[in-house]
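Enquirer: Below is the file upload24.txt, with compact mmCIF, N, CA and C atoms.
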```txt
# COMPACT_ATOMS: atom_id res chain seq x y z
N ALA A 111 -16.03 46.41 193.09
CA ALA A 111 -15.67 45.13 193.66
C ALA A 111 -14.28 44.72 193.17
N ALA A 112 -13.60 43.95 194.00
CA ALA A 112 -12.24 43.52 193.68
C ALA A 112 -12.22 42.39 192.66
N LEU A 113 -13.35 41.72 192.49
CA LEU A 113 -13.41 40.56 191.61
C LEU A 113 -14.46 40.75 190.53
N THR A 114 -14.26 40.11 189.40
CA THR A 114 -15.27 40.11 188.35
C THR A 114 -16.45 39.27 188.82
N PRO A 115 -17.61 39.43 188.19
CA PRO A 115 -18.76 38.60 188.59
C PRO A 115 -18.47 37.10 188.50
N SER A 116 -17.75 36.70 187.48
CA SER A 116 -17.40 35.29 187.33
C SER A 116 -16.49 34.83 188.47
N ALA A 117 -15.50 35.67 188.79
CA ALA A 117 -14.58 35.33 189.87
C ALA A 117 -15.31 35.31 191.21
N MET A 118 -16.33 36.16 191.36
CA MET A 118 -17.11 36.17 192.59
C MET A 118 -17.81 34.83 192.82
N LEU A 119 -18.33 34.26 191.74
CA LEU A 119 -18.98 32.94 191.87
C LEU A 119 -17.99 31.89 192.34
N THR A 120 -16.83 31.91 191.74
CA THR A 120 -15.79 30.95 192.12
C THR A 120 -15.32 31.20 193.55
N ALA A 121 -15.10 32.47 193.88
CA ALA A 121 -14.65 32.81 195.23
C ALA A 121 -15.69 32.39 196.26
N GLY A 122 -16.96 32.51 195.93
CA GLY A 122 -18.01 32.09 196.85
C GLY A 122 -17.89 30.64 197.25
N GLN A 123 -17.52 29.80 196.30
CA GLN A 123 -17.33 28.38 196.60
C GLN A 123 -16.18 28.19 197.59
N TRP A 124 -15.08 28.92 197.37
CA TRP A 124 -13.93 28.80 198.26
C TRP A 124 -14.22 29.39 199.62
N LEU A 125 -15.05 30.44 199.65
CA LEU A 125 -15.44 31.03 200.93
C LEU A 125 -16.29 30.06 201.74
N ASN A 126 -17.10 29.27 201.05
CA ASN A 126 -17.87 28.23 201.75
C ASN A 126 -16.93 27.23 202.42
N ASP A 127 -15.86 26.88 201.71
CA ASP A 127 -14.87 25.96 202.28
C ASP A 127 -14.18 26.58 203.50
N LEU A 128 -13.87 27.88 203.41
CA LEU A 128 -13.25 28.56 204.55
C LEU A 128 -14.20 28.60 205.75
N LYS A 129 -15.47 28.84 205.48
CA LYS A 129 -16.45 28.89 206.56
C LYS A 129 -16.57 27.51 207.22
N SER A 130 -16.58 26.45 206.42
CA SER A 130 -16.63 25.09 206.97
C SER A 130 -15.38 24.80 207.80
N ALA A 131 -14.23 25.23 207.29
CA ALA A 131 -12.98 25.02 208.02
C ALA A 131 -13.00 25.77 209.34
N SER A 132 -13.55 26.97 209.33
CA SER A 132 -13.65 27.75 210.55
C SER A 132 -14.52 27.03 211.58
N LYS A 133 -15.59 26.43 211.12
CA LYS A 133 -16.44 25.65 212.03
C LYS A 133 -15.69 24.42 212.54
N GLY A 134 -14.85 23.85 211.70
CA GLY A 134 -14.03 22.72 212.12
C GLY A 134 -13.04 23.10 213.21
N LEU A 135 -12.54 24.32 213.15
CA LEU A 135 -11.62 24.78 214.19
C LEU A 135 -12.31 24.89 215.55
N GLU A 136 -13.63 25.00 215.55
CA GLU A 136 -14.38 25.12 216.79
C GLU A 136 -14.35 23.83 217.61
N SER A 137 -13.91 22.73 217.01
CA SER A 137 -13.79 21.47 217.75
C SER A 137 -12.53 21.42 218.60
N ILE A 138 -11.62 22.37 218.41
CA ILE A 138 -10.33 22.32 219.10
C ILE A 138 -10.37 22.83 220.54
N PRO A 139 -11.11 23.90 220.88
CA PRO A 139 -11.07 24.38 222.27
C PRO A 139 -11.40 23.33 223.34
N PRO A 140 -12.39 22.45 223.13
CA PRO A 140 -12.61 21.43 224.17
C PRO A 140 -11.41 20.50 224.35
N LEU A 141 -10.70 20.26 223.26
CA LEU A 141 -9.49 19.42 223.34
C LEU A 141 -8.40 20.15 224.12
N LEU A 142 -8.30 21.46 223.91
CA LEU A 142 -7.31 22.24 224.66
C LEU A 142 -7.63 22.24 226.15
N GLU A 143 -8.91 22.27 226.47
CA GLU A 143 -9.31 22.25 227.88
C GLU A 143 -8.93 20.93 228.54
N ARG A 144 -9.04 19.84 227.79
CA ARG A 144 -8.64 18.54 228.35
C ARG A 144 -7.16 18.54 228.69
N GLY A 145 -6.34 18.99 227.74
CA GLY A 145 -4.91 19.17 227.99
C GLY A 145 -4.11 17.90 228.21
N ASP A 146 -4.62 16.76 227.79
CA ASP A 146 -3.84 15.53 227.92
C ASP A 146 -3.26 15.13 226.56
N ASP A 147 -2.34 14.16 226.57
CA ASP A 147 -1.67 13.77 225.33
C ASP A 147 -2.64 13.31 224.24
N PRO A 148 -3.66 12.49 224.56
CA PRO A 148 -4.60 12.10 223.49
C PRO A 148 -5.35 13.31 222.90
N ALA A 149 -5.63 14.32 223.70
CA ALA A 149 -6.30 15.52 223.20
C ALA A 149 -5.39 16.29 222.25
N TYR A 150 -4.13 16.39 222.61
CA TYR A 150 -3.19 17.09 221.73
C TYR A 150 -3.00 16.35 220.41
N GLU A 151 -2.99 15.03 220.48
CA GLU A 151 -2.90 14.24 219.25
C GLU A 151 -4.16 14.44 218.41
N ALA A 152 -5.32 14.54 219.05
CA ALA A 152 -6.58 14.77 218.34
C ALA A 152 -6.56 16.13 217.64
N ILE A 153 -5.91 17.11 218.23
CA ILE A 153 -5.78 18.42 217.60
C ILE A 153 -4.96 18.29 216.32
N ARG A 154 -3.85 17.57 216.41
CA ARG A 154 -3.00 17.39 215.23
C ARG A 154 -3.75 16.67 214.12
N ILE A 155 -4.60 15.73 214.49
CA ILE A 155 -5.40 15.02 213.49
C ILE A 155 -6.46 15.94 212.92
N ALA A 156 -7.11 16.73 213.77
CA ALA A 156 -8.19 17.62 213.33
C ALA A 156 -7.73 18.63 212.29
N ILE A 157 -6.51 19.14 212.42
CA ILE A 157 -6.05 20.13 211.45
C ILE A 157 -5.60 19.49 210.13
N ARG A 158 -5.54 18.16 210.10
CA ARG A 158 -5.13 17.45 208.90
C ARG A 158 -6.28 16.82 208.13
N LYS A 159 -7.48 16.91 208.69
CA LYS A 159 -8.61 16.29 207.99
C LYS A 159 -9.68 17.35 207.70
N ALA A 160 -10.58 16.98 206.81
CA ALA A 160 -11.66 17.89 206.42
C ALA A 160 -12.51 18.23 207.64
N PRO A 161 -12.99 19.42 207.72
CA PRO A 161 -12.89 20.52 206.76
C PRO A 161 -11.69 21.43 206.98
N VAL A 162 -10.97 21.28 208.09
CA VAL A 162 -9.89 22.20 208.43
C VAL A 162 -8.76 22.13 207.39
N ASN A 163 -8.51 20.96 206.86
CA ASN A 163 -7.39 20.85 205.91
C ASN A 163 -7.66 21.58 204.60
N GLY A 164 -8.85 22.11 204.41
CA GLY A 164 -9.16 22.86 203.20
C GLY A 164 -8.80 24.34 203.26
N ILE A 165 -8.32 24.80 204.40
CA ILE A 165 -8.01 26.22 204.55
C ILE A 165 -6.97 26.68 203.53
N ARG A 166 -5.88 25.97 203.44
CA ARG A 166 -4.78 26.41 202.58
C ARG A 166 -5.19 26.44 201.12
N LYS A 167 -5.90 25.42 200.66
CA LYS A 167 -6.32 25.38 199.26
C LYS A 167 -7.28 26.52 198.96
N ALA A 168 -8.25 26.73 199.82
CA ALA A 168 -9.23 27.80 199.60
C ALA A 168 -8.53 29.16 199.56
N CYS A 169 -7.62 29.40 200.48
CA CYS A 169 -6.90 30.68 200.50
C CYS A 169 -6.07 30.87 199.24
N SER A 170 -5.35 29.84 198.83
CA SER A 170 -4.50 29.99 197.65
C SER A 170 -5.33 30.21 196.39
N LYS A 171 -6.50 29.57 196.30
CA LYS A 171 -7.37 29.76 195.13
C LYS A 171 -7.95 31.17 195.12
N ILE A 172 -8.32 31.68 196.28
CA ILE A 172 -8.85 33.04 196.35
C ILE A 172 -7.75 34.05 196.01
N ILE A 173 -6.54 33.80 196.45
CA ILE A 173 -5.42 34.69 196.12
C ILE A 173 -5.22 34.75 194.61
N LEU A 174 -5.34 33.62 193.94
CA LEU A 174 -5.21 33.62 192.48
C LEU A 174 -6.30 34.46 191.83
N LEU A 175 -7.52 34.39 192.35
CA LEU A 175 -8.61 35.19 191.81
C LEU A 175 -8.36 36.68 192.03
N VAL A 176 -7.87 37.03 193.21
CA VAL A 176 -7.57 38.43 193.51
C VAL A 176 -6.43 38.92 192.62
N LYS A 177 -5.43 38.08 192.41
CA LYS A 177 -4.31 38.44 191.54
C LYS A 177 -4.80 38.72 190.13
N ASP A 178 -5.71 37.89 189.63
CA ASP A 178 -6.28 38.09 188.30
C ASP A 178 -7.11 39.37 188.24
N GLY A 179 -7.69 39.75 189.37
CA GLY A 179 -8.50 40.97 189.43
C GLY A 179 -7.66 42.24 189.37
N GLY A 180 -6.39 42.14 189.72
CA GLY A 180 -5.47 43.27 189.58
C GLY A 180 -5.42 44.25 190.74
N ASP A 181 -6.11 43.97 191.83
CA ASP A 181 -6.09 44.87 192.99
C ASP A 181 -4.87 44.54 193.84
N LYS A 182 -3.80 45.30 193.63
CA LYS A 182 -2.52 44.99 194.28
C LYS A 182 -2.59 45.16 195.81
N LYS A 183 -3.34 46.14 196.27
CA LYS A 183 -3.45 46.37 197.71
C LYS A 183 -4.17 45.19 198.37
N LEU A 184 -5.29 44.79 197.78
CA LEU A 184 -6.04 43.66 198.32
C LEU A 184 -5.21 42.38 198.24
N LEU A 185 -4.49 42.21 197.15
CA LEU A 185 -3.64 41.04 197.00
C LEU A 185 -2.59 40.98 198.11
N ALA A 186 -1.96 42.10 198.39
CA ALA A 186 -0.94 42.14 199.45
C ALA A 186 -1.56 41.81 200.80
N GLU A 187 -2.76 42.32 201.07
CA GLU A 187 -3.45 42.01 202.33
C GLU A 187 -3.75 40.52 202.44
N LYS A 188 -4.26 39.93 201.36
CA LYS A 188 -4.62 38.50 201.38
C LYS A 188 -3.37 37.63 201.51
N GLU A 189 -2.31 38.01 200.83
CA GLU A 189 -1.07 37.24 200.94
C GLU A 189 -0.50 37.30 202.35
N GLU A 190 -0.60 38.47 202.98
CA GLU A 190 -0.12 38.62 204.36
C GLU A 190 -0.97 37.77 205.32
N LEU A 191 -2.28 37.81 205.13
CA LEU A 191 -3.16 36.98 205.97
C LEU A 191 -2.89 35.50 205.75
N TYR A 192 -2.70 35.11 204.50
CA TYR A 192 -2.43 33.70 204.20
C TYR A 192 -1.13 33.25 204.85
N ALA A 193 -0.12 34.09 204.82
CA ALA A 193 1.15 33.75 205.49
C ALA A 193 0.91 33.57 206.99
N SER A 194 0.11 34.42 207.58
CA SER A 194 -0.20 34.31 209.01
C SER A 194 -1.00 33.05 209.31
N ILE A 195 -1.91 32.69 208.41
CA ILE A 195 -2.70 31.46 208.58
C ILE A 195 -1.78 30.24 208.55
N LYS A 196 -0.85 30.22 207.61
CA LYS A 196 0.08 29.09 207.53
C LYS A 196 0.94 28.99 208.79
N VAL A 197 1.39 30.13 209.29
CA VAL A 197 2.18 30.15 210.53
C VAL A 197 1.33 29.63 211.69
N GLY A 198 0.07 30.05 211.75
CA GLY A 198 -0.82 29.61 212.82
C GLY A 198 -1.06 28.11 212.79
N LEU A 199 -1.30 27.57 211.60
CA LEU A 199 -1.52 26.13 211.48
C LEU A 199 -0.27 25.35 211.91
N GLU A 200 0.89 25.84 211.49
CA GLU A 200 2.14 25.18 211.85
C GLU A 200 2.39 25.27 213.36
N ALA A 201 2.13 26.44 213.94
CA ALA A 201 2.34 26.62 215.37
C ALA A 201 1.39 25.74 216.18
N LEU A 202 0.17 25.59 215.72
CA LEU A 202 -0.79 24.73 216.39
C LEU A 202 -0.33 23.27 216.32
N ASP A 203 0.18 22.88 215.17
CA ASP A 203 0.67 21.51 215.00
C ASP A 203 1.90 21.25 215.87
N ILE A 204 2.87 22.13 215.80
CA ILE A 204 4.10 21.95 216.58
C ILE A 204 3.81 22.00 218.07
N GLY A 205 2.97 22.93 218.48
CA GLY A 205 2.63 23.06 219.89
C GLY A 205 1.86 21.88 220.45
N SER A 206 1.22 21.12 219.56
CA SER A 206 0.44 19.96 219.99
C SER A 206 1.23 18.65 219.94
N ARG A 207 2.47 18.72 219.52
CA ARG A 207 3.30 17.51 219.48
C ARG A 207 3.51 16.99 220.89
N PRO A 208 3.82 15.71 221.00
CA PRO A 208 4.05 15.15 222.34
C PRO A 208 5.10 15.95 223.11
N ALA A 209 4.82 16.14 224.37
CA ALA A 209 5.69 16.94 225.23
C ALA A 209 7.07 16.30 225.34
N GLU A 210 8.05 17.15 225.24
CA GLU A 210 9.44 16.71 225.41
C GLU A 210 9.95 17.34 226.69
N GLU A 211 10.85 16.64 227.33
CA GLU A 211 11.40 17.15 228.58
C GLU A 211 12.08 18.49 228.35
N GLY A 212 11.77 19.44 229.20
CA GLY A 212 12.37 20.76 229.11
C GLY A 212 11.65 21.71 228.16
N ARG A 213 10.65 21.21 227.45
CA ARG A 213 9.91 22.06 226.51
C ARG A 213 8.55 22.40 227.10
N THR A 214 8.20 23.64 227.04
CA THR A 214 6.87 24.04 227.49
C THR A 214 6.01 24.30 226.27
N ARG A 215 4.74 23.99 226.42
CA ARG A 215 3.81 24.22 225.31
C ARG A 215 3.54 25.72 225.18
N PRO A 216 3.44 26.18 223.94
CA PRO A 216 3.05 27.58 223.76
C PRO A 216 1.57 27.73 224.14
N ASP A 217 1.09 28.95 224.18
CA ASP A 217 -0.31 29.21 224.48
C ASP A 217 -1.14 28.85 223.25
N LEU A 218 -1.59 27.60 223.19
CA LEU A 218 -2.30 27.11 222.02
C LEU A 218 -3.65 27.80 221.84
N GLN A 219 -4.27 28.21 222.93
CA GLN A 219 -5.54 28.92 222.82
C GLN A 219 -5.34 30.27 222.11
N LYS A 220 -4.26 30.93 222.43
CA LYS A 220 -3.94 32.21 221.78
C LYS A 220 -3.64 32.00 220.30
N ILE A 221 -2.90 30.94 219.99
CA ILE A 221 -2.58 30.61 218.60
C ILE A 221 -3.86 30.31 217.84
N LEU A 222 -4.74 29.52 218.45
CA LEU A 222 -6.00 29.15 217.80
C LEU A 222 -6.87 30.39 217.57
N SER A 223 -6.96 31.27 218.56
CA SER A 223 -7.78 32.48 218.42
C SER A 223 -7.28 33.35 217.27
N LYS A 224 -5.97 33.51 217.18
CA LYS A 224 -5.39 34.30 216.08
C LYS A 224 -5.68 33.63 214.74
N LEU A 225 -5.55 32.31 214.68
CA LEU A 225 -5.83 31.58 213.46
C LEU A 225 -7.29 31.77 213.05
N GLN A 226 -8.20 31.66 213.99
CA GLN A 226 -9.62 31.83 213.68
C GLN A 226 -9.89 33.26 213.19
N ASP A 227 -9.27 34.24 213.82
CA ASP A 227 -9.43 35.63 213.39
C ASP A 227 -8.90 35.84 211.97
N ASP A 228 -7.74 35.24 211.69
CA ASP A 228 -7.15 35.38 210.36
C ASP A 228 -8.02 34.73 209.28
N VAL A 229 -8.56 33.55 209.58
CA VAL A 229 -9.43 32.87 208.62
C VAL A 229 -10.68 33.70 208.36
N ALA A 230 -11.26 34.26 209.42
CA ALA A 230 -12.44 35.10 209.27
C ALA A 230 -12.12 36.35 208.46
N ALA A 231 -10.98 36.97 208.72
CA ALA A 231 -10.59 38.19 208.01
C ALA A 231 -10.27 37.91 206.54
N PHE A 232 -9.78 36.72 206.25
CA PHE A 232 -9.39 36.40 204.88
C PHE A 232 -10.58 36.50 203.93
N GLY A 233 -11.74 36.13 204.40
CA GLY A 233 -12.92 36.12 203.53
C GLY A 233 -13.58 37.47 203.34
N LYS A 234 -13.08 38.49 203.99
CA LYS A 234 -13.69 39.82 203.89
C LYS A 234 -13.10 40.63 202.73
N ASP A 235 -13.84 41.66 202.34
CA ASP A 235 -13.40 42.63 201.32
C ASP A 235 -13.29 42.06 199.91
N LEU A 236 -14.00 40.99 199.63
CA LEU A 236 -13.96 40.41 198.29
C LEU A 236 -15.18 40.77 197.46
N GLY A 237 -16.17 41.39 198.09
CA GLY A 237 -17.39 41.72 197.37
C GLY A 237 -18.34 40.55 197.24
N VAL A 238 -18.05 39.49 197.97
CA VAL A 238 -18.89 38.29 197.93
C VAL A 238 -18.82 37.66 199.33
N VAL A 239 -19.89 36.95 199.69
CA VAL A 239 -19.92 36.28 200.99
C VAL A 239 -20.17 34.79 200.77
N ALA A 240 -19.85 34.02 201.80
CA ALA A 240 -20.13 32.59 201.73
C ALA A 240 -21.63 32.38 201.59
N GLU A 241 -22.00 31.34 200.87
CA GLU A 241 -23.41 31.06 200.61
C GLU A 241 -24.22 30.98 201.90
N SER A 242 -23.65 30.41 202.92
CA SER A 242 -24.37 30.24 204.18
C SER A 242 -24.57 31.57 204.90
N ASP A 243 -23.88 32.64 204.47
CA ASP A 243 -24.06 33.96 205.06
C ASP A 243 -25.15 34.77 204.39
N LEU A 244 -25.69 34.27 203.30
CA LEU A 244 -26.71 35.02 202.56
C LEU A 244 -28.01 35.10 203.32
```
Do you think you could lay out the structure here as structure tokens?

Expert:
Amino acid sequence: AALTPSAMLTAGQWLNDLKSASKGLESIPPLLERGDDPAYEAIRIAIRKAPVNGIRKACSKIILLVKDGGDKKLLAEKEELYASIKVGLEALDIGSRPAEEGRTRPDLQKILSKLQDDVAAFGKDLGVVAESDL
């Protein structure tokens, strides 16, 4: 395993937060389908409040545990995924800002799907699963 037994217990708590955040992201597709300004504002709010706003903290805490474990390959993978998650959150936020003349919205559904995939992948290969997955 990439983590010590003690680190696995701690990582499990952060994985629970990631799983909750992932469920929080599931509230966004209906807003994307609406496609009006209040829906886009609701998306920006949703990524700033619990449980979605816990993604970054959970990822950074897990990265610290992996770093302490000494698995450089796994650390590089998690850091790369975390960078992608941060980019996805920012792209979702920027893409949901009020429309400006001459600006087209990016494909927010594609951004959201990639973000959800990255969050799901981040929790893998740690030798521990979220409590709700047991």

Enquirer: Taking (-3.7, 21.1, 221.3) as a centre in this file's frame and 6 Å as the limit, can you find every polymer residue with an atom that close, using all atoms listed in the file, and give them as a CSV table (one decimal) with N, CA and C atoms, in the frame of the given file?

Expert:
```
chain,number,residue,atom,x,y,z
A,141,LEU,N,-10.7,20.3,223.3
A,141,LEU,CA,-9.5,19.4,223.3
A,141,LEU,C,-8.4,20.2,224.1
A,142,LEU,N,-8.3,21.5,223.9
A,142,LEU,CA,-7.3,22.2,224.7
A,142,LEU,C,-7.6,22.2,226.2
A,149,ALA,N,-5.6,14.3,223.7
A,149,ALA,CA,-6.3,15.5,223.2
A,149,ALA,C,-5.4,16.3,222.2
A,150,TYR,N,-4.1,16.4,222.6
A,150,TYR,CA,-3.2,17.1,221.7
A,150,TYR,C,-3.0,16.4,220.4
A,153,ILE,N,-5.9,17.1,218.2
A,153,ILE,CA,-5.8,18.4,217.6
A,153,ILE,C,-5.0,18.3,216.3
A,205,GLY,N,3.0,22.9,218.5
A,205,GLY,CA,2.6,23.1,219.9
A,205,GLY,C,1.9,21.9,220.4
A,206,SER,N,1.2,21.1,219.6
A,206,SER,CA,0.4,20.0,220.0
A,206,SER,C,1.2,18.6,219.9
```

Enquirer: With DSSP run on the backbone, what are the helix (DSSP H, G or I) residues within chain A? I'd like them as a VMD selection string.

Expert: chain A and resid 115 to 135 138 to 144 147 to 156 162 to 179 182 to 205 218 to 232 241 to 243

Enquirer: Could you jot down the atom C of A:Ala240 to atom CA of A:Asn126 separation for me, Å, one decimal place?

Expert: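 That distance, rounded to one decimal, is 5.6 Å.
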
Enquirer: If we count only C-alpha atoms and set the cut-off at 12 Å, which residues sit around A:Ser137, ignoring sequence neighbours fewer than 2 positions away in its own chain? Please answer as a VMD selection string.

Expert: chain A and resid 130 to 135 139 to 143 149 152 to 157 161 to 162 222 226

Enquirer: Please produce an output containing N, CA and C atoms for each residue in the selection, written as a PDB file, in the frame of the given file.

Expert:
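New file again_20.pdb:
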```pdb
ATOM      1  N   SER A 130     -16.580  26.450 206.420  1.00  0.00           N
ATOM      2  CA  SER A 130     -16.630  25.090 206.970  1.00  0.00           C
ATOM      3  C   SER A 130     -15.380  24.800 207.800  1.00  0.00           C
ATOM      4  N   ALA A 131     -14.230  25.230 207.290  1.00  0.00           N
ATOM      5  CA  ALA A 131     -12.980  25.020 208.020  1.00  0.00           C
ATOM      6  C   ALA A 131     -13.000  25.770 209.340  1.00  0.00           C
ATOM      7  N   SER A 132     -13.550  26.970 209.330  1.00  0.00           N
ATOM      8  CA  SER A 132     -13.650  27.750 210.550  1.00  0.00           C
ATOM      9  C   SER A 132     -14.520  27.030 211.580  1.00  0.00           C
ATOM     10  N   LYS A 133     -15.590  26.430 211.120  1.00  0.00           N
ATOM     11  CA  LYS A 133     -16.440  25.650 212.030  1.00  0.00           C
ATOM     12  C   LYS A 133     -15.690  24.420 212.540  1.00  0.00           C
ATOM     13  N   GLY A 134     -14.850  23.850 211.700  1.00  0.00           N
ATOM     14  CA  GLY A 134     -14.030  22.720 212.120  1.00  0.00           C
ATOM     15  C   GLY A 134     -13.040  23.100 213.210  1.00  0.00           C
ATOM     16  N   LEU A 135     -12.540  24.320 213.150  1.00  0.00           N
ATOM     17  CA  LEU A 135     -11.620  24.780 214.190  1.00  0.00           C
ATOM     18  C   LEU A 135     -12.310  24.890 215.550  1.00  0.00           C
ATOM     19  N   PRO A 139     -11.110  23.900 220.880  1.00  0.00           N
ATOM     20  CA  PRO A 139     -11.070  24.380 222.270  1.00  0.00           C
ATOM     21  C   PRO A 139     -11.400  23.330 223.340  1.00  0.00           C
ATOM     22  N   PRO A 140     -12.390  22.450 223.130  1.00  0.00           N
ATOM     23  CA  PRO A 140     -12.610  21.430 224.170  1.00  0.00           C
ATOM     24  C   PRO A 140     -11.410  20.500 224.350  1.00  0.00           C
ATOM     25  N   LEU A 141     -10.700  20.260 223.260  1.00  0.00           N
ATOM     26  CA  LEU A 141      -9.490  19.420 223.340  1.00  0.00           C
ATOM     27  C   LEU A 141      -8.400  20.150 224.120  1.00  0.00           C
ATOM     28  N   LEU A 142      -8.300  21.460 223.910  1.00  0.00           N
ATOM     29  CA  LEU A 142      -7.310  22.240 224.660  1.00  0.00           C
ATOM     30  C   LEU A 142      -7.630  22.240 226.150  1.00  0.00           C
ATOM     31  N   GLU A 143      -8.910  22.270 226.470  1.00  0.00           N
ATOM     32  CA  GLU A 143      -9.310  22.250 227.880  1.00  0.00           C
ATOM     33  C   GLU A 143      -8.930  20.930 228.540  1.00  0.00           C
ATOM     34  N   ALA A 149      -5.630  14.320 223.700  1.00  0.00           N
ATOM     35  CA  ALA A 149      -6.300  15.520 223.200  1.00  0.00           C
ATOM     36  C   ALA A 149      -5.390  16.290 222.250  1.00  0.00           C
ATOM     37  N   ALA A 152      -5.320  14.540 219.050  1.00  0.00           N
ATOM     38  CA  ALA A 152      -6.580  14.770 218.340  1.00  0.00           C
ATOM     39  C   ALA A 152      -6.560  16.130 217.640  1.00  0.00           C
ATOM     40  N   ILE A 153      -5.910  17.110 218.230  1.00  0.00           N
ATOM     41  CA  ILE A 153      -5.780  18.420 217.600  1.00  0.00           C
ATOM     42  C   ILE A 153      -4.960  18.290 216.320  1.00  0.00           C
ATOM     43  N   ARG A 154      -3.850  17.570 216.410  1.00  0.00           N
ATOM     44  CA  ARG A 154      -3.000  17.390 215.230  1.00  0.00           C
ATOM     45  C   ARG A 154      -3.750  16.670 214.120  1.00  0.00           C
ATOM     46  N   ILE A 155      -4.600  15.730 214.490  1.00  0.00           N
ATOM     47  CA  ILE A 155      -5.400  15.020 213.490  1.00  0.00           C
ATOM     48  C   ILE A 155      -6.460  15.940 212.920  1.00  0.00           C
ATOM     49  N   ALA A 156      -7.110  16.730 213.770  1.00  0.00           N
ATOM     50  CA  ALA A 156      -8.190  17.620 213.330  1.00  0.00           C
ATOM     51  C   ALA A 156      -7.730  18.630 212.290  1.00  0.00           C
ATOM     52  N   ILE A 157      -6.510  19.140 212.420  1.00  0.00           N
ATOM     53  CA  ILE A 157      -6.050  20.130 211.450  1.00  0.00           C
ATOM     54  C   ILE A 157      -5.600  19.490 210.130  1.00  0.00           C
ATOM     55  N   PRO A 161     -12.990  19.420 207.720  1.00  0.00           N
ATOM     56  CA  PRO A 161     -12.890  20.520 206.760  1.00  0.00           C
ATOM     57  C   PRO A 161     -11.690  21.430 206.980  1.00  0.00           C
ATOM     58  N   VAL A 162     -10.970  21.280 208.090  1.00  0.00           N
ATOM     59  CA  VAL A 162      -9.890  22.200 208.430  1.00  0.00           C
ATOM     60  C   VAL A 162      -8.760  22.130 207.390  1.00  0.00           C
ATOM     61  N   LEU A 222      -4.740  29.520 218.450  1.00  0.00           N
ATOM     62  CA  LEU A 222      -6.000  29.150 217.800  1.00  0.00           C
ATOM     63  C   LEU A 222      -6.870  30.390 217.570  1.00  0.00           C
ATOM     64  N   GLN A 226      -8.200  31.660 213.990  1.00  0.00           N
ATOM     65  CA  GLN A 226      -9.620  31.830 213.680  1.00  0.00           C
ATOM     66  C   GLN A 226      -9.890  33.260 213.190  1.00  0.00           C
TER      67      GLN A 226
END
```

Enquirer: Would you please work out which residue, of A:Asp146, A:Glu187, A:Glu151, A:Asp178, is nearest to A:Gly233 when using only C-alpha atoms?

Expert: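 Counting only C-alpha atoms, the residue closest to A:Gly233 is A:Glu187.
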
Enquirer: For a test of reading the model, state the distance in Å between atom C of A:Gly145 and atom N of A:Ile204, rounded to one decimal.

Expert: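 Interatomic distance here is 14.9 Å.
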
Enquirer: Quick one: residues within 8 Å of (3.5, 26.3, 222.1) (file frame), counting all atoms listed in the file, please, as an NGL selection string.

Expert: :A and (201-202 or 204-206 or 214-218)

Enquirer: Selection from above, N, CA and C atoms, as a PDB file, in the coordinates of the input, can you write it?

Expert:
```
ATOM      1  N   ALA A 201       2.130  26.440 213.940  1.00  0.00           N
ATOM      2  CA  ALA A 201       2.340  26.620 215.370  1.00  0.00           C
ATOM      3  C   ALA A 201       1.390  25.740 216.180  1.00  0.00           C
ATOM      4  N   LEU A 202       0.170  25.590 215.720  1.00  0.00           N
ATOM      5  CA  LEU A 202      -0.790  24.730 216.390  1.00  0.00           C
ATOM      6  C   LEU A 202      -0.330  23.270 216.320  1.00  0.00           C
ATOM      7  N   ILE A 204       2.870  22.130 215.800  1.00  0.00           N
ATOM      8  CA  ILE A 204       4.100  21.950 216.580  1.00  0.00           C
ATOM      9  C   ILE A 204       3.810  22.000 218.070  1.00  0.00           C
ATOM     10  N   GLY A 205       2.970  22.930 218.480  1.00  0.00           N
ATOM     11  CA  GLY A 205       2.630  23.060 219.890  1.00  0.00           C
ATOM     12  C   GLY A 205       1.860  21.880 220.450  1.00  0.00           C
ATOM     13  N   SER A 206       1.220  21.120 219.560  1.00  0.00           N
ATOM     14  CA  SER A 206       0.440  19.960 219.990  1.00  0.00           C
ATOM     15  C   SER A 206       1.230  18.650 219.940  1.00  0.00           C
ATOM     16  N   THR A 214       8.200  23.640 227.040  1.00  0.00           N
ATOM     17  CA  THR A 214       6.870  24.040 227.490  1.00  0.00           C
ATOM     18  C   THR A 214       6.010  24.300 226.270  1.00  0.00           C
ATOM     19  N   ARG A 215       4.740  23.990 226.420  1.00  0.00           N
ATOM     20  CA  ARG A 215       3.810  24.220 225.310  1.00  0.00           C
ATOM     21  C   ARG A 215       3.540  25.720 225.180  1.00  0.00           C
ATOM     22  N   PRO A 216       3.440  26.180 223.940  1.00  0.00           N
ATOM     23  CA  PRO A 216       3.050  27.580 223.760  1.00  0.00           C
ATOM     24  C   PRO A 216       1.570  27.730 224.140  1.00  0.00           C
ATOM     25  N   ASP A 217       1.090  28.950 224.180  1.00  0.00           N
ATOM     26  CA  ASP A 217      -0.310  29.210 224.480  1.00  0.00           C
ATOM     27  C   ASP A 217      -1.140  28.850 223.250  1.00  0.00           C
ATOM     28  N   LEU A 218      -1.590  27.600 223.190  1.00  0.00           N
ATOM     29  CA  LEU A 218      -2.300  27.110 222.020  1.00  0.00           C
ATOM     30  C   LEU A 218      -3.650  27.800 221.840  1.00  0.00           C
TER      31      LEU A 218
END
```

Enquirer: Could you check the closest approach to A:Leu113 for each of A:Lys171, A:Lys177, A:Lys129, A:Lys159 and tell me which residue wins, using only C-alpha atoms?

Expert: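 Smallest separation from A:Leu113 among the options: A:Lys177.
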
Enquirer: So what do you get for atom N of A:Glu241 versus atom C of A:Gly164, distance-wise?

Expert: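 So the answer is 15.1 Å.
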
Enquirer: Considering only N, CA and C atoms, state which residue in the set A:Leu185, A:Ala230, A:Ala160, A:Ala209 is at the smallest distance from A:Leu128.

Expert: A:Ala230

Enquirer: As AutoDock Vina command-line options, please report the centre and edge lengths, rounded to one decimal in Å, of the axis-aligned box that holds all listed atoms of stretch 212-228 of chain A with 8 Å of padding on each of the six sides.

Expert:
```
--center_x 1.2 --center_y 27.6 --center_z 219.2 --size_x 38.3 --size_y 32.4 --size_z 35.9
```

Enquirer: With distances taken over only C-alpha atoms, which residue among A:Gly179, A:Pro208, A:Gly198, A:Gly122 lies nearest A:Lys224?

Expert: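 Of A:Gly179, A:Pro208, A:Gly198, A:Gly122, the one nearest A:Lys224, counting only C-alpha atoms, is A:Gly198.
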